[in-house]
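Structure first, commentary second.
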Amino acid sequence: MIKHFFTAVLASLLLFSGLLRASSPAEAAAATVVAYNVKDPDAKGLADFYCASRAIDPSREIALSAPVNEEISRSDYDSTLAGPLRNEFVKRGYWILSGGGENHPAVTGTQIRYLVLIRGLPLKIMPCTDYPGDSKIQPDPFGGRNEASVDSELTLLGLFTPQISGVLKNPLCNTNLQADFHAQIPPCFLFVARLDAPTPAIVKKMVNDGLKAEKEGLWGWGYIDLRSITDPGYVIGDQWIKQAGEAMQQKGIPVLTDDLPDTFQEGFPITDASAYFGWYAENINGPFADSSFRFVPGAVAAHLHSFSAVTLRDPMKGWTAPLLCRGAGASVGNVYEPYLTFTTDFGVMETALLAGCNMAESYYMAQPVLSWMSVLVADPLYRPYEVLNAEEIPNTSVWTDYLQIIRSHRGSVIRSAIDLVHRAREKKESLYLEALGSAQLNAGYLPPAEASFREAGQIETNPVIQFRLLLEQARVLEKEGRGLDGASLLNKNMTRFSGKNQKGLLLAWIARMDPIKPTASPPPRSSPSPGKS
């Protein structure tokens with residue numbers, strides 16, 4: 001029996017009737033169980049806090065006695081996590097089992113859909129050899145890999161399979177958003193997410209910020225960081241991230257895109273960040289590495305890298321934990337090398353979130369394989385764009401005004417140009433023009449983009465945003481083949497923007513646009529090792 005057999009098992013289970021169709025927040029809460037580690041002194045308190053915050057019956061908490069290490073052995077996973085959880089689900093009547101014998105029963109009915117892992121439970125399962133269930137694996141490119149995230153393995157807890165090597169295709173990936181999503185979920189399938197971070201206080205902040213964003217809205221810029229890569233083996237990563245940006249633009253969220261090969265550089269002004277998707281550096285860098293940087297509370301932020309969630313304890317290691325430390329309310333990452341095509345599609349995930357799905361639904365629509373390396377670190381019930389999907393949104397800020405303009409033009413920033421220019425001049429507010437310039441730049445309309453950024457700079461009074469608009473204007477000139485003009489523009493503003501980080505960034509950009517000038521060079525972007533994502 002090879003692992004791909006279980007893909008067919010999952011597909012056949014999709015035909016069962018009477019599957020859980022929880023979709024409203026109340027129904028989702030009623031279908032949630034919360035697991036915590038009794039060996040962690042903060043875990044029980046966090047579990048109680050989360051249940052109270054989401055109106056989850058505290059009887060749905062499950063106490064486990066597991067190692068406190070982030071990395072555990074496969075035998076520890078079986079004996080302290082998988083086995084006890086299966087037993088509790090059956091004993092409490094959450095699962096209805098039938099057929100298949102004692103070792104491989106089938107879950108034919110369920111009362112639960114979401115499993116929340118509280119900080120203190122292990123994160124990842126180390127590779128092992130001579131595992132009994134792997135004895136009949138057929139050779140395939142990934143069949144020799146049996147390390148995995150705890151979360152991804154628990155998704156398949158209801159399959160009762162001893163086979164652990166290789167990947168399992170996720171039957172929910174790219175599910176039609178127009179269909180009844182929950183009607184397509186097999187009863188054995190669990191949406192697993194973890195509330196985890198370097199400190200318990202950050203975990204509580206994630207939950208509280210999410211609840212506040214659901215009520216008041218998640219307002220701010222979306223930041224997209226591309227690599228402009230053309231290698232056929234990697235270009236898909238840029239496509240995913242670009243799709244996330246396009247989805248936000250069409251929904252009325254202003255988007256700024258960096259298409260330089262390196263990540264957002266140190267000194268680049270990132271303000272009011274409500275979403276961020278980028279790649280590819282091993283550890284947090286650029287503006288995000290500044291310990292004073294903060295996202296808009298409740299922001300969704302993720303960086304694509306093979307080891308972005310290698311640990312959730314170190315506030316500077318990888319990306320997932322550091323992003324949460326800087327105020328993001330939700331993130332995803334990888335605990336071991338996953339290979340690019342098996343990582344989370346940020347475009348699908350953000351599109352699903354914008355359509356009104358919660359974090360767990362959106363993540364599982366975007367995660368192509370299971371029993372693998374990925375984790376969702378978030379409140380699984382969090383709906384970042386709950387307010388955004390309301391039929392009527394009170395016009396109370398520049399963000400809501402911008403959104404209503406884009407809505408009136410059916411999601412097209414370009415078609416909104418006349419209204420955006422008029423509003424910018426009327427309100428003396430640069431956001432309208434900067435968002436328009438970014439969309440024009442992405443669409444290849446370079447002279448109009450340069451004009452939009454230039455006028456926005458004349459309106460803006462905040463020096464931080466003025467600096468960003470200067471950079472954006474120079475970038476358009478560079479794309480027009482006028483790199484020397486761009487370098488000249490930046491050089492003229494050297495005394496105006498003389499902070500250490502600003503000066504370093506200006507020198508790096510001038511050196512790129514005018515290589516003859518003897519200036520400092522920008523730091524190189526971290527590059528993927530051969531075979532890595």
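Here's how to read the names in the structure tokens: chain A, B, ... by the order shown, residue numbers from 1 in each chain, ligand numbers from 1 in the order shown.
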
- DSSP alpha helix (DSSP H) selection over stretch 216-377 of chain A, as a ChimeraX atom specification: /A:216,235-251,320-325,346-354,359-366

- Task: Considering only C-alpha atoms, return as a ChimeraX atom specification whatever protein or nucleic-acid residues lie within 6 Å of stretch 375-391 of chain A, sequence-local ones (same chain, fewer than 2 positions apart) excluded.
- Result: /A:193-195,214,217,330-333,354,358-360

Selected residues written out with C-alpha atoms, as a tab-separated table (two decimals), in the first residue's frame:
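For reference, again06.tsv as written:
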```tsv
chain	number	residue	atom	x	y	z
A	193	ALA	CA	-3.61	25.59	12.95
A	194	ARG	CA	-1.44	26.65	15.83
A	195	LEU	CA	-1.47	29.63	18.13
A	214	GLU	CA	-13.08	41.48	12.23
A	217	GLY	CA	-11.78	46.26	9.44
A	330	ALA	CA	-1.42	35.42	10.91
A	331	SER	CA	1.37	33.75	8.96
A	332	VAL	CA	2.39	30.49	7.30
A	333	GLY	CA	5.76	28.80	7.01
A	354	LEU	CA	-10.71	38.28	0.41
A	358	ASN	CA	-11.39	32.16	7.41
A	359	MET	CA	-7.66	31.51	7.79
A	360	ALA	CA	-7.95	27.71	7.97
```

- Any idea what's packed within 10 Å of A:Trp319, counting only C-alpha atoms, ignoring anything in its chain fewer than 2 positions away? Could you give it as an NGL selection string? :A and (281-285 or 288-289 or 301-305 or 307-312 or 314-317 or 321-325 or 331-334)

- Task: Have a look at A:Asp262, A:Glu153, A:Asp290, A:Asp40 and name the one nearest to A:Leu81; count only C-alpha atoms.
- Result: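 Of A:Asp262, A:Glu153, A:Asp290, A:Asp40, the one nearest A:Leu81 is A:Glu153, counting only C-alpha atoms.
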
- Item | Contacts of A:Ala474 within 12 Å, only C-alpha atoms, excl. fewer than 6 positions in-chain, as a PyMOL selection string | chain A and resi 441+446-447+449-451+453-454+457+467-468+480-493+506+509-510+512-514

- Name the residues in contact with A:Ala417 at a cut-off of 10 Å, using only C-alpha atoms, excluding same-chain residues fewer than 2 positions from it; report them as a PyMOL selection string. chain A and resi 405-406+409+412-415+419-423+432-433+435-437+439-440+452

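DSSP secondary structure from the backbone places A:Ala330, A:Ser331, A:Val332, A:Gly333, A:Asn334, A:Val369, A:Leu370, A:Ser374, A:Val375, A:Leu376, A:Val377 of stretch 330-522 of chain A in strand (DSSP E or B).
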
Atoms kept (N, CA and C atoms) for selection, written as a compact mmCIF listing (two decimals), in the first residue's frame:
```txt
# COMPACT_ATOMS: atom_id res chain seq x y z
N ALA A 330 -1.35 36.75 11.52
CA ALA A 330 -1.42 35.42 10.91
C ALA A 330 -0.26 35.25 9.94
N SER A 331 0.27 34.03 9.88
CA SER A 331 1.37 33.75 8.96
C SER A 331 1.37 32.26 8.64
N VAL A 332 2.15 31.89 7.64
CA VAL A 332 2.39 30.49 7.30
C VAL A 332 3.89 30.30 7.11
N GLY A 333 4.35 29.05 7.20
CA GLY A 333 5.76 28.80 7.01
C GLY A 333 6.05 27.32 6.86
N ASN A 334 7.34 27.01 6.71
CA ASN A 334 7.79 25.64 6.50
C ASN A 334 8.83 25.27 7.55
N VAL A 369 -0.14 19.90 -0.75
CA VAL A 369 0.13 18.56 -0.23
C VAL A 369 0.05 18.56 1.28
N LEU A 370 -0.16 17.35 1.82
CA LEU A 370 -0.25 17.15 3.27
C LEU A 370 0.78 16.10 3.69
N SER A 374 4.51 22.19 5.97
CA SER A 374 3.93 23.51 6.17
C SER A 374 3.16 23.63 7.49
N VAL A 375 3.07 24.87 8.01
CA VAL A 375 2.25 25.16 9.18
C VAL A 375 1.50 26.47 8.97
N LEU A 376 0.29 26.52 9.50
CA LEU A 376 -0.50 27.75 9.58
C LEU A 376 -0.41 28.24 11.02
N VAL A 377 0.15 29.42 11.23
CA VAL A 377 0.27 29.98 12.57
C VAL A 377 -0.70 31.15 12.65
```

With only C-alpha atoms counted and 12 Å as the cut-off, give the residues of stretch 160-228 of chain A in contact with stretch 74-80 of chain A, each with its shortest interatomic distance in Å and the pair that gives it, as a tab-separated table.
```
residue	atom	partner	partner_atom	distance
A:Phe160	CA	A:Asp78	CA	11.0
A:Thr161	CA	A:Asp78	CA	11.3
A:Pro162	CA	A:Asp78	CA	9.6
A:Gln163	CA	A:Arg74	CA	11.6
A:Ile164	CA	A:Arg74	CA	9.4
A:Ser165	CA	A:Arg74	CA	11.5
```

Give me, as a PDB file with N, CA and C atoms, in the first residue's frame, all polymer residues having an atom no more than 12 Å from A:Arg92, counting only C-alpha atoms and skipping those fewer than 5 positions away in the same chain.
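Result file part-v6.pdb:
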```pdb
ATOM      1  N   VAL A  33     -11.850  22.068  18.375  1.00  0.00           N
ATOM      2  CA  VAL A  33     -11.244  21.528  19.587  1.00  0.00           C
ATOM      3  C   VAL A  33      -9.887  22.190  19.774  1.00  0.00           C
ATOM      4  N   SER A  59     -15.140  22.639  27.431  1.00  0.00           N
ATOM      5  CA  SER A  59     -15.061  21.176  27.461  1.00  0.00           C
ATOM      6  C   SER A  59     -14.401  20.639  26.199  1.00  0.00           C
ATOM      7  N   ARG A  60     -14.238  21.496  25.205  1.00  0.00           N
ATOM      8  CA  ARG A  60     -13.573  21.084  23.957  1.00  0.00           C
ATOM      9  C   ARG A  60     -12.052  21.163  24.057  1.00  0.00           C
ATOM     10  N   GLU A  61     -11.543  21.501  25.216  1.00  0.00           N
ATOM     11  CA  GLU A  61     -10.091  21.487  25.407  1.00  0.00           C
ATOM     12  C   GLU A  61      -9.622  20.052  25.651  1.00  0.00           C
ATOM     13  N   ILE A  62      -8.457  19.729  25.098  1.00  0.00           N
ATOM     14  CA  ILE A  62      -7.861  18.407  25.290  1.00  0.00           C
ATOM     15  C   ILE A  62      -6.451  18.591  25.844  1.00  0.00           C
ATOM     16  N   PRO A  84      -3.138   9.688  21.585  1.00  0.00           N
ATOM     17  CA  PRO A  84      -4.071  10.285  22.543  1.00  0.00           C
ATOM     18  C   PRO A  84      -5.183  11.107  21.901  1.00  0.00           C
ATOM     19  N   LEU A  85      -4.880  11.827  20.844  1.00  0.00           N
ATOM     20  CA  LEU A  85      -5.933  12.619  20.190  1.00  0.00           C
ATOM     21  C   LEU A  85      -6.983  11.716  19.553  1.00  0.00           C
ATOM     22  N   ARG A  86      -6.537  10.675  18.853  1.00  0.00           N
ATOM     23  CA  ARG A  86      -7.509   9.733  18.268  1.00  0.00           C
ATOM     24  C   ARG A  86      -8.408   9.150  19.362  1.00  0.00           C
ATOM     25  N   ASN A  87      -7.789   8.737  20.454  1.00  0.00           N
ATOM     26  CA  ASN A  87      -8.573   8.139  21.538  1.00  0.00           C
ATOM     27  C   ASN A  87      -9.599   9.128  22.095  1.00  0.00           C
ATOM     28  N   THR A 110     -18.439  13.088  11.818  1.00  0.00           N
ATOM     29  CA  THR A 110     -17.619  13.912  12.693  1.00  0.00           C
ATOM     30  C   THR A 110     -18.408  15.093  13.238  1.00  0.00           C
ATOM     31  N   GLN A 111     -18.036  15.524  14.436  1.00  0.00           N
ATOM     32  CA  GLN A 111     -18.562  16.748  15.027  1.00  0.00           C
ATOM     33  C   GLN A 111     -17.530  17.861  15.033  1.00  0.00           C
ATOM     34  N   ILE A 112     -16.334  17.569  14.555  1.00  0.00           N
ATOM     35  CA  ILE A 112     -15.253  18.548  14.634  1.00  0.00           C
ATOM     36  C   ILE A 112     -14.649  18.789  13.262  1.00  0.00           C
TER      37      ILE A 112
END
```

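Note that atom CA of A:Arg54 and atom CA of A:Ala183 are 23.3 Å apart.
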
- Item | atom CA of A:Lys251 to atom CA of A:Thr263, distance in Å rounded to a single decimal |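 Separating atom CA of A:Lys251 from atom CA of A:Thr263 is a distance of 25.2 Å.
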
- Query: Mind pulling up the distance from atom CA of A:Asp258 to atom CA of A:Thr230?
  - Reply: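 That distance, rounded to one decimal, is 15.8 Å.
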